[in-house]
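Asks: Take a look at upload04.pdb, PDB, C-alpha atoms, pLDDT in the B column:
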ATOM      1  CA  MET E1099      -8.990   7.602  20.211  1.00 67.00           C
ATOM      2  CA  GLY E1100      -7.402   5.398  17.569  1.00 94.00           C
ATOM      3  CA  TYR E1101      -6.639   6.078  13.953  1.00 97.00           C
ATOM      4  CA  LYS E1102      -6.879   3.806  10.967  1.00 98.00           C
ATOM      5  CA  GLN E1103      -6.984   3.613   7.223  1.00 98.00           C
ATOM      6  CA  VAL E1104      -9.624   1.527   5.504  1.00 98.00           C
ATOM      7  CA  ILE E1105      -8.872   0.065   2.086  1.00 98.00           C
ATOM      8  CA  VAL E1106     -11.880  -1.092   0.069  1.00 98.00           C
ATOM      9  CA  LEU E1107     -11.404  -3.537  -2.809  1.00 98.00           C
ATOM     10  CA  ARG E1108     -14.017  -4.768  -5.275  1.00 97.00           C
ATOM     11  CA  ARG E1109     -14.930  -8.423  -4.975  1.00 95.00           C
ATOM     12  CA  ASP E1110     -17.182  -8.428  -8.039  1.00 95.00           C
ATOM     13  CA  ILE E1111     -14.258  -8.329 -10.497  1.00 93.00           C
ATOM     14  CA  GLU E1112     -11.574 -10.920 -11.084  1.00 88.00           C
ATOM     15  CA  MET E1113      -8.337  -9.868  -9.456  1.00 91.00           C
ATOM     16  CA  GLY E1114      -5.598 -12.311  -8.545  1.00 92.00           C
ATOM     17  CA  ARG E1115      -4.227 -11.901  -5.036  1.00 94.00           C
ATOM     18  CA  GLY E1116      -1.103 -10.137  -6.271  1.00 95.00           C
ATOM     19  CA  LYS E1117      -3.190  -7.728  -8.330  1.00 94.00           C
ATOM     20  CA  ALA E1118      -5.460  -7.054  -5.342  1.00 96.00           C
ATOM     21  CA  ALA E1119      -2.436  -6.395  -3.127  1.00 97.00           C
ATOM     22  CA  ALA E1120      -0.994  -3.960  -5.677  1.00 96.00           C
ATOM     23  CA  GLN E1121      -4.300  -2.061  -5.951  1.00 96.00           C
ATOM     24  CA  ALA E1122      -4.546  -1.874  -2.160  1.00 98.00           C
ATOM     25  CA  ALA E1123      -1.015  -0.488  -1.926  1.00 98.00           C
ATOM     26  CA  HIS E1124      -1.791   2.015  -4.660  1.00 97.00           C
ATOM     27  CA  ALA E1125      -4.901   3.302  -2.873  1.00 98.00           C
ATOM     28  CA  SER E1126      -3.093   3.437   0.454  1.00 98.00           C
ATOM     29  CA  VAL E1127      -0.102   5.407  -0.844  1.00 98.00           C
ATOM     30  CA  GLU E1128      -2.354   7.882  -2.690  1.00 97.00           C
ATOM     31  CA  ALA E1129      -4.398   8.666   0.407  1.00 98.00           C
ATOM     32  CA  VAL E1130      -1.271   9.010   2.560  1.00 98.00           C
ATOM     33  CA  LEU E1131       0.314  11.427   0.080  1.00 97.00           C
ATOM     34  CA  LYS E1132      -2.922  13.439  -0.088  1.00 97.00           C
ATOM     35  CA  ALA E1133      -2.926  13.773   3.695  1.00 97.00           C
ATOM     36  CA  LEU E1134       0.769  14.619   3.771  1.00 96.00           C
ATOM     37  CA  ARG E1135       0.615  17.287   1.096  1.00 95.00           C
ATOM     38  CA  SER E1136      -2.628  18.823   2.267  1.00 96.00           C
ATOM     39  CA  SER E1137      -2.822  22.222   3.915  1.00 95.00           C
ATOM     40  CA  ARG E1138      -5.527  20.843   6.262  1.00 96.00           C
ATOM     41  CA  ARG E1139      -3.980  20.684   9.709  1.00 96.00           C
ATOM     42  CA  ALA E1140      -6.329  17.887  10.802  1.00 97.00           C
ATOM     43  CA  TRP E1141      -5.174  15.623   7.961  1.00 98.00           C
ATOM     44  CA  ASN E1142      -1.496  16.189   8.784  1.00 97.00           C
ATOM     45  CA  GLU E1143      -2.150  15.428  12.449  1.00 97.00           C
ATOM     46  CA  TRP E1144      -4.192  12.302  11.780  1.00 98.00           C
ATOM     47  CA  LEU E1145      -1.403  11.036   9.527  1.00 97.00           C
ATOM     48  CA  GLU E1146       1.290  11.581  12.161  1.00 97.00           C
ATOM     49  CA  ARG E1147      -0.736   9.925  14.922  1.00 97.00           C
ATOM     50  CA  TRP E1148      -1.605   6.989  12.681  1.00 97.00           C
ATOM     51  CA  LEU E1149       2.064   6.485  11.809  1.00 96.00           C
ATOM     52  CA  GLU E1150       3.034   6.646  15.489  1.00 95.00           C
ATOM     53  CA  GLU E1151       0.353   4.087  16.383  1.00 94.00           C
ATOM     54  CA  GLY E1152       1.640   1.633  13.786  1.00 92.00           C
ATOM     55  CA  GLN E1153      -0.439   2.393  10.653  1.00 94.00           C
ATOM     56  CA  GLU E1154      -3.506   0.249  11.261  1.00 95.00           C
ATOM     57  CA  LYS E1155      -4.993  -0.821   7.935  1.00 96.00           C
ATOM     58  CA  VAL E1156      -8.197  -2.752   7.423  1.00 97.00           C
ATOM     59  CA  VAL E1157      -9.112  -4.232   4.051  1.00 98.00           C
ATOM     60  CA  LEU E1158     -12.839  -4.404   3.289  1.00 98.00           C
ATOM     61  CA  ARG E1159     -14.891  -5.380   0.268  1.00 97.00           C
ATOM     62  CA  ALA E1160     -17.270  -3.596  -2.071  1.00 98.00           C
ATOM     63  CA  GLU E1161     -19.644  -5.676  -4.187  1.00 97.00           C
ATOM     64  CA  SER E1162     -19.899  -3.310  -7.166  1.00 97.00           C
ATOM     65  CA  GLU E1163     -18.340  -0.308  -8.853  1.00 96.00           C
ATOM     66  CA  GLY E1164     -21.283   1.784  -7.660  1.00 96.00           C
ATOM     67  CA  GLU E1165     -20.687   0.830  -4.038  1.00 97.00           C
ATOM     68  CA  LEU E1166     -16.976   1.600  -4.321  1.00 97.00           C
ATOM     69  CA  LEU E1167     -17.712   4.996  -5.815  1.00 97.00           C
ATOM     70  CA  ARG E1168     -20.271   5.824  -3.127  1.00 98.00           C
ATOM     71  CA  ILE E1169     -17.700   5.117  -0.405  1.00 98.00           C
ATOM     72  CA  PHE E1170     -15.249   7.472  -2.072  1.00 98.00           C
ATOM     73  CA  GLU E1171     -17.869  10.199  -2.499  1.00 98.00           C
ATOM     74  CA  GLU E1172     -19.102   9.929   1.072  1.00 98.00           C
ATOM     75  CA  ALA E1173     -15.543  10.088   2.391  1.00 98.00           C
ATOM     76  CA  SER E1174     -14.841  13.152   0.248  1.00 97.00           C
ATOM     77  CA  ARG E1175     -18.043  14.868   1.426  1.00 97.00           C
ATOM     78  CA  ALA E1176     -17.062  14.097   5.026  1.00 97.00           C
ATOM     79  CA  GLU E1177     -13.739  15.836   4.312  1.00 97.00           C
ATOM     80  CA  LEU E1178     -11.615  12.777   4.916  1.00 98.00           C
ATOM     81  CA  PRO E1179      -8.443  12.043   2.935  1.00 98.00           C
ATOM     82  CA  ALA E1180      -9.477   9.487   0.329  1.00 98.00           C
ATOM     83  CA  SER E1181      -8.199   8.018  -2.921  1.00 98.00           C
ATOM     84  CA  LEU E1182      -9.864   6.242  -5.834  1.00 98.00           C
ATOM     85  CA  VAL E1183      -7.838   3.846  -7.972  1.00 96.00           C
ATOM     86  CA  ARG E1184      -8.568   3.422 -11.659  1.00 93.00           C
ATOM     87  CA  ASP E1185      -6.630   0.547 -13.181  1.00 85.00           C
ATOM     88  CA  ALA E1186      -4.530   1.233 -16.246  1.00 76.00           C
ATOM     89  CA  GLY E1187      -5.815  -2.079 -17.581  1.00 71.00           C
ATOM     90  CA  LYS E1188      -2.542  -3.476 -18.866  1.00 71.00           C
ATOM     91  CA  THR E1189      -3.287  -6.844 -17.241  1.00 70.00           C
ATOM     92  CA  GLN E1190      -6.378  -8.729 -16.102  1.00 74.00           C
ATOM     93  CA  LEU E1191      -8.856  -5.801 -16.210  1.00 76.00           C
ATOM     94  CA  GLN E1192     -10.453  -3.460 -18.752  1.00 81.00           C
ATOM     95  CA  PRO E1193      -8.696  -0.060 -18.919  1.00 82.00           C
ATOM     96  CA  GLY E1194     -10.348   2.425 -16.581  1.00 86.00           C
ATOM     97  CA  THR E1195     -11.869  -0.142 -14.226  1.00 91.00           C
ATOM     98  CA  LEU E1196     -12.299   1.255 -10.716  1.00 95.00           C
ATOM     99  CA  THR E1197     -10.679  -1.218  -8.337  1.00 96.00           C
ATOM    100  CA  ALA E1198      -9.978   0.286  -4.915  1.00 98.00           C
ATOM    101  CA  VAL E1199     -10.585   3.133  -2.503  1.00 98.00           C
ATOM    102  CA  ALA E1200      -8.661   4.130   0.607  1.00 98.00           C
ATOM    103  CA  VAL E1201     -10.224   6.255   3.346  1.00 98.00           C
ATOM    104  CA  GLY E1202      -7.995   7.813   5.980  1.00 97.00           C
ATOM    105  CA  PRO E1203      -5.778   7.963   7.965  1.00 98.00           C
ATOM    106  CA  ALA E1204      -8.526   9.372  10.188  1.00 98.00           C
ATOM    107  CA  PRO E1205     -10.141   8.717  13.566  1.00 98.00           C
ATOM    108  CA  GLU E1206     -11.691   5.255  13.626  1.00 97.00           C
ATOM    109  CA  GLU E1207     -15.193   6.325  14.579  1.00 97.00           C
ATOM    110  CA  VAL E1208     -15.343   8.863  11.770  1.00 97.00           C
ATOM    111  CA  ILE E1209     -14.349   6.261   9.176  1.00 98.00           C
ATOM    112  CA  ASP E1210     -16.739   3.681  10.636  1.00 97.00           C
ATOM    113  CA  LYS E1211     -19.698   5.935   9.832  1.00 97.00           C
ATOM    114  CA  ILE E1212     -18.849   5.452   6.162  1.00 98.00           C
ATOM    115  CA  THR E1213     -17.449   1.913   5.947  1.00 97.00           C
ATOM    116  CA  GLY E1214     -18.762   0.247   9.135  1.00 96.00           C
ATOM    117  CA  HIS E1215     -21.266  -1.852   7.183  1.00 96.00           C
ATOM    118  CA  LEU E1216     -18.703  -3.445   4.848  1.00 97.00           C
ATOM    119  CA  LYS E1217     -17.372  -6.981   5.284  1.00 97.00           C
ATOM    120  CA  LEU E1218     -13.718  -7.970   5.492  1.00 96.00           C
ATOM    121  CA  TYR E1219     -12.285  -8.522   2.015  1.00 95.00           C
TER
ATOM    122  CA  MET R1369      14.171   4.520 -18.065  1.00 67.00           C
ATOM    123  CA  GLY R1370      11.166   3.442 -15.996  1.00 94.00           C
ATOM    124  CA  TYR R1371      10.674   3.363 -12.275  1.00 97.00           C
ATOM    125  CA  LYS R1372       8.877   0.839 -10.134  1.00 98.00           C
ATOM    126  CA  GLN R1373       8.352  -0.449  -6.659  1.00 98.00           C
ATOM    127  CA  VAL R1374       8.512  -4.153  -5.969  1.00 98.00           C
ATOM    128  CA  ILE R1375       6.537  -5.577  -3.064  1.00 98.00           C
ATOM    129  CA  VAL R1376       7.577  -9.029  -1.867  1.00 98.00           C
ATOM    130  CA  LEU R1377       5.168 -11.127   0.202  1.00 98.00           C
ATOM    131  CA  ARG R1378       5.831 -14.482   1.847  1.00 97.00           C
ATOM    132  CA  ARG R1379       3.934 -17.415   0.373  1.00 95.00           C
ATOM    133  CA  ASP R1380       5.128 -19.902   3.007  1.00 95.00           C
ATOM    134  CA  ILE R1381       2.837 -18.506   5.720  1.00 93.00           C
ATOM    135  CA  GLU R1382      -0.948 -18.471   5.842  1.00 88.00           C
ATOM    136  CA  MET R1383      -2.268 -15.027   5.022  1.00 91.00           C
ATOM    137  CA  GLY R1384      -5.783 -14.421   3.794  1.00 92.00           C
ATOM    138  CA  ARG R1385      -6.012 -12.181   0.739  1.00 94.00           C
ATOM    139  CA  GLY R1386      -7.134  -9.203   2.842  1.00 95.00           C
ATOM    140  CA  LYS R1387      -4.238  -9.695   5.215  1.00 94.00           C
ATOM    141  CA  ALA R1388      -1.788  -9.974   2.309  1.00 96.00           C
ATOM    142  CA  ALA R1389      -3.168  -6.778   0.785  1.00 97.00           C
ATOM    143  CA  ALA R1390      -2.787  -4.928   4.088  1.00 96.00           C
ATOM    144  CA  GLN R1391       0.819  -6.103   4.491  1.00 96.00           C
ATOM    145  CA  ALA R1392       1.597  -5.038   0.928  1.00 98.00           C
ATOM    146  CA  ALA R1393       0.116  -1.591   1.566  1.00 98.00           C
ATOM    147  CA  HIS R1394       2.081  -1.309   4.773  1.00 97.00           C
ATOM    148  CA  ALA R1395       5.381  -2.137   3.079  1.00 98.00           C
ATOM    149  CA  SER R1396       4.633   0.197   0.181  1.00 98.00           C
ATOM    150  CA  VAL R1397       3.755   3.194   2.364  1.00 98.00           C
ATOM    151  CA  GLU R1398       6.834   2.669   4.561  1.00 97.00           C
ATOM    152  CA  ALA R1399       9.214   2.654   1.610  1.00 98.00           C
ATOM    153  CA  VAL R1400       7.534   5.704   0.056  1.00 98.00           C
ATOM    154  CA  LEU R1401       7.802   7.649   3.309  1.00 97.00           C
ATOM    155  CA  LYS R1402      11.457   6.638   3.651  1.00 97.00           C
ATOM    156  CA  ALA R1403      12.171   7.970   0.179  1.00 97.00           C
ATOM    157  CA  LEU R1404      10.176  11.126   0.813  1.00 96.00           C
ATOM    158  CA  ARG R1405      11.838  11.962   4.109  1.00 95.00           C
ATOM    159  CA  SER R1406      15.330  11.023   3.039  1.00 96.00           C
ATOM    160  CA  SER R1407      18.050  13.575   2.443  1.00 95.00           C
ATOM    161  CA  ARG R1408      19.288  11.476  -0.509  1.00 96.00           C
ATOM    162  CA  ARG R1409      18.528  13.470  -3.622  1.00 96.00           C
ATOM    163  CA  ALA R1410      18.327  10.336  -5.771  1.00 97.00           C
ATOM    164  CA  TRP R1411      15.578   8.832  -3.610  1.00 98.00           C
ATOM    165  CA  ASN R1412      13.501  12.023  -3.759  1.00 97.00           C
ATOM    166  CA  GLU R1413      13.890  12.148  -7.537  1.00 97.00           C
ATOM    167  CA  TRP R1414      13.030   8.477  -8.077  1.00 98.00           C
ATOM    168  CA  LEU R1415       9.914   8.961  -5.973  1.00 97.00           C
ATOM    169  CA  GLU R1416       8.728  11.968  -7.972  1.00 97.00           C
ATOM    170  CA  ARG R1417       9.343  10.294 -11.326  1.00 97.00           C
ATOM    171  CA  TRP R1418       7.623   7.120 -10.171  1.00 97.00           C
ATOM    172  CA  LEU R1419       4.565   9.104  -9.038  1.00 96.00           C
ATOM    173  CA  GLU R1420       4.474  10.976 -12.362  1.00 95.00           C
ATOM    174  CA  GLU R1421       4.661   7.694 -14.288  1.00 94.00           C
ATOM    175  CA  GLY R1422       1.706   6.222 -12.384  1.00 92.00           C
ATOM    176  CA  GLN R1423       3.318   4.363  -9.470  1.00 94.00           C
ATOM    177  CA  GLU R1424       4.041   0.993 -11.035  1.00 95.00           C
ATOM    178  CA  LYS R1425       3.924  -1.711  -8.392  1.00 96.00           C
ATOM    179  CA  VAL R1426       4.749  -5.368  -8.867  1.00 97.00           C
ATOM    180  CA  VAL R1427       3.932  -7.960  -6.218  1.00 98.00           C
ATOM    181  CA  LEU R1428       6.331 -10.911  -6.010  1.00 98.00           C
ATOM    182  CA  ARG R1429       6.710 -13.870  -3.696  1.00 97.00           C
ATOM    183  CA  ALA R1430       9.327 -15.059  -1.247  1.00 98.00           C
ATOM    184  CA  GLU R1431       9.268 -18.693  -0.145  1.00 97.00           C
ATOM    185  CA  SER R1432      10.742 -18.210   3.340  1.00 97.00           C
ATOM    186  CA  GLU R1433      11.532 -15.668   6.013  1.00 96.00           C
ATOM    187  CA  GLY R1434      15.217 -16.009   5.137  1.00 96.00           C
ATOM    188  CA  GLU R1435      14.574 -15.167   1.491  1.00 97.00           C
ATOM    189  CA  LEU R1436      12.476 -12.139   2.442  1.00 97.00           C
ATOM    190  CA  LEU R1437      15.186 -10.882   4.767  1.00 97.00           C
ATOM    191  CA  ARG R1438      17.895 -11.382   2.144  1.00 98.00           C
ATOM    192  CA  ILE R1439      15.947  -9.225  -0.328  1.00 98.00           C
ATOM    193  CA  PHE R1440      15.664  -6.460   2.249  1.00 98.00           C
ATOM    194  CA  GLU R1441      19.362  -6.656   3.130  1.00 98.00           C
ATOM    195  CA  GLU R1442      20.477  -6.652  -0.488  1.00 98.00           C
ATOM    196  CA  ALA R1443      18.266  -3.650  -1.240  1.00 98.00           C
ATOM    197  CA  SER R1444      19.667  -1.806   1.761  1.00 97.00           C
ATOM    198  CA  ARG R1445      23.245  -2.597   0.760  1.00 97.00           C
ATOM    199  CA  ALA R1446      22.482  -1.352  -2.757  1.00 97.00           C
ATOM    200  CA  GLU R1447      21.282   1.900  -1.159  1.00 97.00           C
ATOM    201  CA  LEU R1448      17.711   1.576  -2.377  1.00 98.00           C
ATOM    202  CA  PRO R1449      14.742   2.740  -0.318  1.00 98.00           C
ATOM    203  CA  ALA R1450      13.343  -0.400   1.290  1.00 98.00           C
ATOM    204  CA  SER R1451      11.012  -1.408   4.099  1.00 98.00           C
ATOM    205  CA  LEU R1452      10.582  -4.591   6.118  1.00 98.00           C
ATOM    206  CA  VAL R1453       7.203  -5.341   7.710  1.00 96.00           C
ATOM    207  CA  ARG R1454       6.972  -7.219  10.977  1.00 93.00           C
ATOM    208  CA  ASP R1455       3.391  -8.176  11.825  1.00 85.00           C
ATOM    209  CA  ALA R1456       2.019  -7.139  15.213  1.00 76.00           C
ATOM    210  CA  GLY R1457       0.434 -10.592  15.334  1.00 71.00           C
ATOM    211  CA  LYS R1458      -3.023  -9.581  16.550  1.00 71.00           C
ATOM    212  CA  THR R1459      -4.656 -11.794  13.932  1.00 70.00           C
ATOM    213  CA  GLN R1460      -3.661 -14.864  11.920  1.00 74.00           C
ATOM    214  CA  LEU R1461       0.119 -14.727  12.562  1.00 76.00           C
ATOM    215  CA  GLN R1462       2.566 -15.083  15.456  1.00 81.00           C
ATOM    216  CA  PRO R1463       3.709 -11.690  16.817  1.00 81.00           C
ATOM    217  CA  GLY R1464       6.887 -10.541  15.130  1.00 86.00           C
ATOM    218  CA  THR R1465       6.444 -12.589  11.954  1.00 91.00           C
ATOM    219  CA  LEU R1466       8.162 -10.966   8.979  1.00 95.00           C
ATOM    220  CA  THR R1467       5.586 -10.722   6.206  1.00 96.00           C
ATOM    221  CA  ALA R1468       6.580  -8.251   3.502  1.00 98.00           C
ATOM    222  CA  VAL R1469       9.309  -6.134   1.970  1.00 98.00           C
ATOM    223  CA  ALA R1470       9.053  -3.221  -0.439  1.00 98.00           C
ATOM    224  CA  VAL R1471      11.978  -2.142  -2.615  1.00 98.00           C
ATOM    225  CA  GLY R1472      11.824   1.198  -4.397  1.00 97.00           C
ATOM    226  CA  PRO R1473      10.636   3.430  -5.938  1.00 98.00           C
ATOM    227  CA  ALA R1474      13.827   3.074  -7.975  1.00 98.00           C
ATOM    228  CA  PRO R1475      14.928   2.518 -11.579  1.00 98.00           C
ATOM    229  CA  GLU R1476      13.591  -0.821 -12.834  1.00 97.00           C
ATOM    230  CA  GLU R1477      16.904  -2.297 -13.870  1.00 97.00           C
ATOM    231  CA  VAL R1478      18.450  -1.569 -10.475  1.00 97.00           C
ATOM    232  CA  ILE R1479      15.607  -3.324  -8.653  1.00 98.00           C
ATOM    233  CA  ASP R1480      15.655  -6.247 -11.095  1.00 97.00           C
ATOM    234  CA  LYS R1481      19.200  -7.096 -10.034  1.00 97.00           C
ATOM    235  CA  ILE R1482      17.808  -7.897  -6.596  1.00 98.00           C
ATOM    236  CA  THR R1483      14.311  -9.277  -7.262  1.00 97.00           C
ATOM    237  CA  GLY R1484      14.476 -10.348 -10.915  1.00 96.00           C
ATOM    238  CA  HIS R1485      14.516 -14.043  -9.999  1.00 96.00           C
ATOM    239  CA  LEU R1486      11.309 -13.953  -7.931  1.00 97.00           C
ATOM    240  CA  LYS R1487       7.947 -15.189  -9.234  1.00 97.00           C
ATOM    241  CA  LEU R1488       4.716 -13.193  -9.258  1.00 96.00           C
ATOM    242  CA  TYR R1489       2.905 -13.562  -5.932  1.00 95.00           C
TER
END
Before we go any further, please render this structure as structure tokens.
Replies:
Amino acid sequence: MGYKQVIVLRRDIEMGRGKAAAQAAHASVEAVLKALRSSRRAWNEWLERWLEEGQEKVVLRAESEGELLRIFEEASRAELPASLVRDAGKTQLQPGTLTAVAVGPAPEEVIDKITGHLKLY
Amino acid sequence: MGYKQVIVLRRDIEMGRGKAAAQAAHASVEAVLKALRSSRRAWNEWLERWLEEGQEKVVLRAESEGELLRIFEEASRAELPASLVRDAGKTQLQPGTLTAVAVGPAPEEVIDKITGHLKLY
């Protein structure tokens, strides 16, 4: 069984590639810290295994704010570590714009149930 | 005094925007974990302040592998938390290609001495 983290970025808003990379990193770090600081044993274990295996990350796209939010809500309901990034809006975007979600680290097949239908970013 | 993390990505190699975002996230997480797990009090403090301030991340470009490596070495010599990402090469790139560096979280003016001359990615 492999572990991964999926990072979902919106493609329906204008983000330069540097901005997109920063939002992805933000989402990724938030989800990792959630897993690390959680009292859920499963989350701590998934994190350690994922780090040992080399931190697989896959970047996928959402086509709307609604789709991004649904991914985050489904991941939360499925009790997976997940983060939702809201941009401060100092550059490029309106303040409060939702830009990115990270799901995992978690077992691949569990994440795929939630994000398996999304295209590569 | 503000804190930030700088993520440096190579622009001289072909990376799709999803790939670039994944490499940025990888570098960012590695540097954060280094700071978190370090016994250096300063690194732990910089990390906490940076998280409290909202995790500012800036994505900059390097024009060659040599430039990327120099940034990493200078950051290490300056005793800043830093990570260097070597791609596994399963997609797009040759195995072992250096793709990204993260420097910080650390005080802005300390990081700027090392990366202040780089352009936005």
Asks: Name the residues that the ChimeraX specification (/R :<12) & /E picks from the file above, as a JSON list (two decimals) with C-alpha atoms, in the frame of the given file, using the file's chain letters and numbers.
Replies:
[["chain", "number", "residue", "atom", "x", "y", "z"],
["E", 1102, "LYS", "CA", -6.88, 3.81, 10.97],
["E", 1103, "GLN", "CA", -6.98, 3.61, 7.22],
["E", 1104, "VAL", "CA", -9.62, 1.53, 5.50],
["E", 1105, "ILE", "CA", -8.87, 0.06, 2.09],
["E", 1106, "VAL", "CA", -11.88, -1.09, 0.07],
["E", 1107, "LEU", "CA", -11.40, -3.54, -2.81],
["E", 1108, "ARG", "CA", -14.02, -4.77, -5.28],
["E", 1109, "ARG", "CA", -14.93, -8.42, -4.97],
["E", 1113, "MET", "CA", -8.34, -9.87, -9.46],
["E", 1114, "GLY", "CA", -5.60, -12.31, -8.54],
["E", 1115, "ARG", "CA", -4.23, -11.90, -5.04],
["E", 1116, "GLY", "CA", -1.10, -10.14, -6.27],
["E", 1117, "LYS", "CA", -3.19, -7.73, -8.33],
["E", 1118, "ALA", "CA", -5.46, -7.05, -5.34],
["E", 1119, "ALA", "CA", -2.44, -6.40, -3.13],
["E", 1120, "ALA", "CA", -0.99, -3.96, -5.68],
["E", 1121, "GLN", "CA", -4.30, -2.06, -5.95],
["E", 1122, "ALA", "CA", -4.55, -1.87, -2.16],
["E", 1123, "ALA", "CA", -1.01, -0.49, -1.93],
["E", 1124, "HIS", "CA", -1.79, 2.02, -4.66],
["E", 1125, "ALA", "CA", -4.90, 3.30, -2.87],
["E", 1126, "SER", "CA", -3.09, 3.44, 0.45],
["E", 1127, "VAL", "CA", -0.10, 5.41, -0.84],
["E", 1128, "GLU", "CA", -2.35, 7.88, -2.69],
["E", 1129, "ALA", "CA", -4.40, 8.67, 0.41],
["E", 1130, "VAL", "CA", -1.27, 9.01, 2.56],
["E", 1131, "LEU", "CA", 0.31, 11.43, 0.08],
["E", 1134, "LEU", "CA", 0.77, 14.62, 3.77],
["E", 1135, "ARG", "CA", 0.62, 17.29, 1.10],
["E", 1145, "LEU", "CA", -1.40, 11.04, 9.53],
["E", 1146, "GLU", "CA", 1.29, 11.58, 12.16],
["E", 1149, "LEU", "CA", 2.06, 6.48, 11.81],
["E", 1151, "GLU", "CA", 0.35, 4.09, 16.38],
["E", 1152, "GLY", "CA", 1.64, 1.63, 13.79],
["E", 1153, "GLN", "CA", -0.44, 2.39, 10.65],
["E", 1154, "GLU", "CA", -3.51, 0.25, 11.26],
["E", 1155, "LYS", "CA", -4.99, -0.82, 7.94],
["E", 1156, "VAL", "CA", -8.20, -2.75, 7.42],
["E", 1157, "VAL", "CA", -9.11, -4.23, 4.05],
["E", 1158, "LEU", "CA", -12.84, -4.40, 3.29],
["E", 1159, "ARG", "CA", -14.89, -5.38, 0.27],
["E", 1183, "VAL", "CA", -7.84, 3.85, -7.97],
["E", 1184, "ARG", "CA", -8.57, 3.42, -11.66],
["E", 1185, "ASP", "CA", -6.63, 0.55, -13.18],
["E", 1186, "ALA", "CA", -4.53, 1.23, -16.25],
["E", 1188, "LYS", "CA", -2.54, -3.48, -18.87],
["E", 1189, "THR", "CA", -3.29, -6.84, -17.24],
["E", 1198, "ALA", "CA", -9.98, 0.29, -4.92],
["E", 1200, "ALA", "CA", -8.66, 4.13, 0.61],
["E", 1217, "LYS", "CA", -17.37, -6.98, 5.28],
["E", 1218, "LEU", "CA", -13.72, -7.97, 5.49],
["E", 1219, "TYR", "CA", -12.28, -8.52, 2.02]]
Asks: Rounded to one decimal in Å, what is the spacing between atom CA of R:Pro1463 and atom CA of E:Thr1213?
Replies: 27.4 Å
Asks: Which residue out of R:Asp1380, R:Ala1430, R:Leu1452, R:Lys1481 has the minimum interatomic distance to R:Gly1464 when all atoms listed in the file are used?
Replies: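 Smallest separation from R:Gly1464 among the options: R:Leu1452.
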Asks: Could you please determine the separation between atom CA of R:Leu1461 and atom CA of R:Ile1381 in Å, to one decimal place?
Replies: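 Taking atom CA of R:Leu1461 as the start and atom CA of R:Ile1381 as the end point, the length is 8.3 Å.
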Asks: Kindly give the distance, in Å, that separates atom CA of R:Ala1446 and atom CA of R:Asp1480, rounded to a single decimal.
Replies: 11.8 Å
Asks: So which residues get picked by the PyMOL selection byres ((chain R and resi 1472) around 6) here, written as a list in words?
Replies: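 Given this file, the PyMOL selection byres ((chain R and resi 1472) around 6) evaluates to Gln1373, Pro1449, Val1471, Pro1473 and Ala1474 of chain R.
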Asks: Go ahead and save the residues from that selection, with C-alpha atoms, as a short mmCIF file (atom, residue, chain, number, x, y, z; two decimals), keeping the file's coordinate frame.
Replies:
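Final file, result-v4.cif:
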data_model
loop_
_atom_site.label_atom_id
_atom_site.label_comp_id
_atom_site.auth_asym_id
_atom_site.auth_seq_id
_atom_site.Cartn_x
_atom_site.Cartn_y
_atom_site.Cartn_z
CA GLN R 1373 8.35 -0.45 -6.66
CA PRO R 1449 14.74 2.74 -0.32
CA VAL R 1471 11.98 -2.14 -2.62
CA PRO R 1473 10.64 3.43 -5.94
CA ALA R 1474 13.83 3.07 -7.98
#
Asks: To test the calculation: enclose all listed atoms of stretch 1405-1422 of chain R in a box whose edges run along x, y and z, add 5 Å on each side, then state centre and edge lengths in Å to one decimal, as JSON.
Replies:
{"center_x": 10.5, "center_y": 9.9, "center_z": -5.1, "size_x": 27.6, "size_y": 17.4, "size_z": 28.4}
Asks: Using all atoms listed in the file, which residue out of R:Ile1439, R:Leu1486, R:Leu1448, R:Val1478 lies closest to R:Arg1408?
Replies: R:Leu1448
Asks: I'd like to know which of E:Glu1206, E:Glu1150, E:Ile1212, E:Thr1195 is closest to E:Glu1112, using only C-alpha atoms.
Replies: E:Thr1195
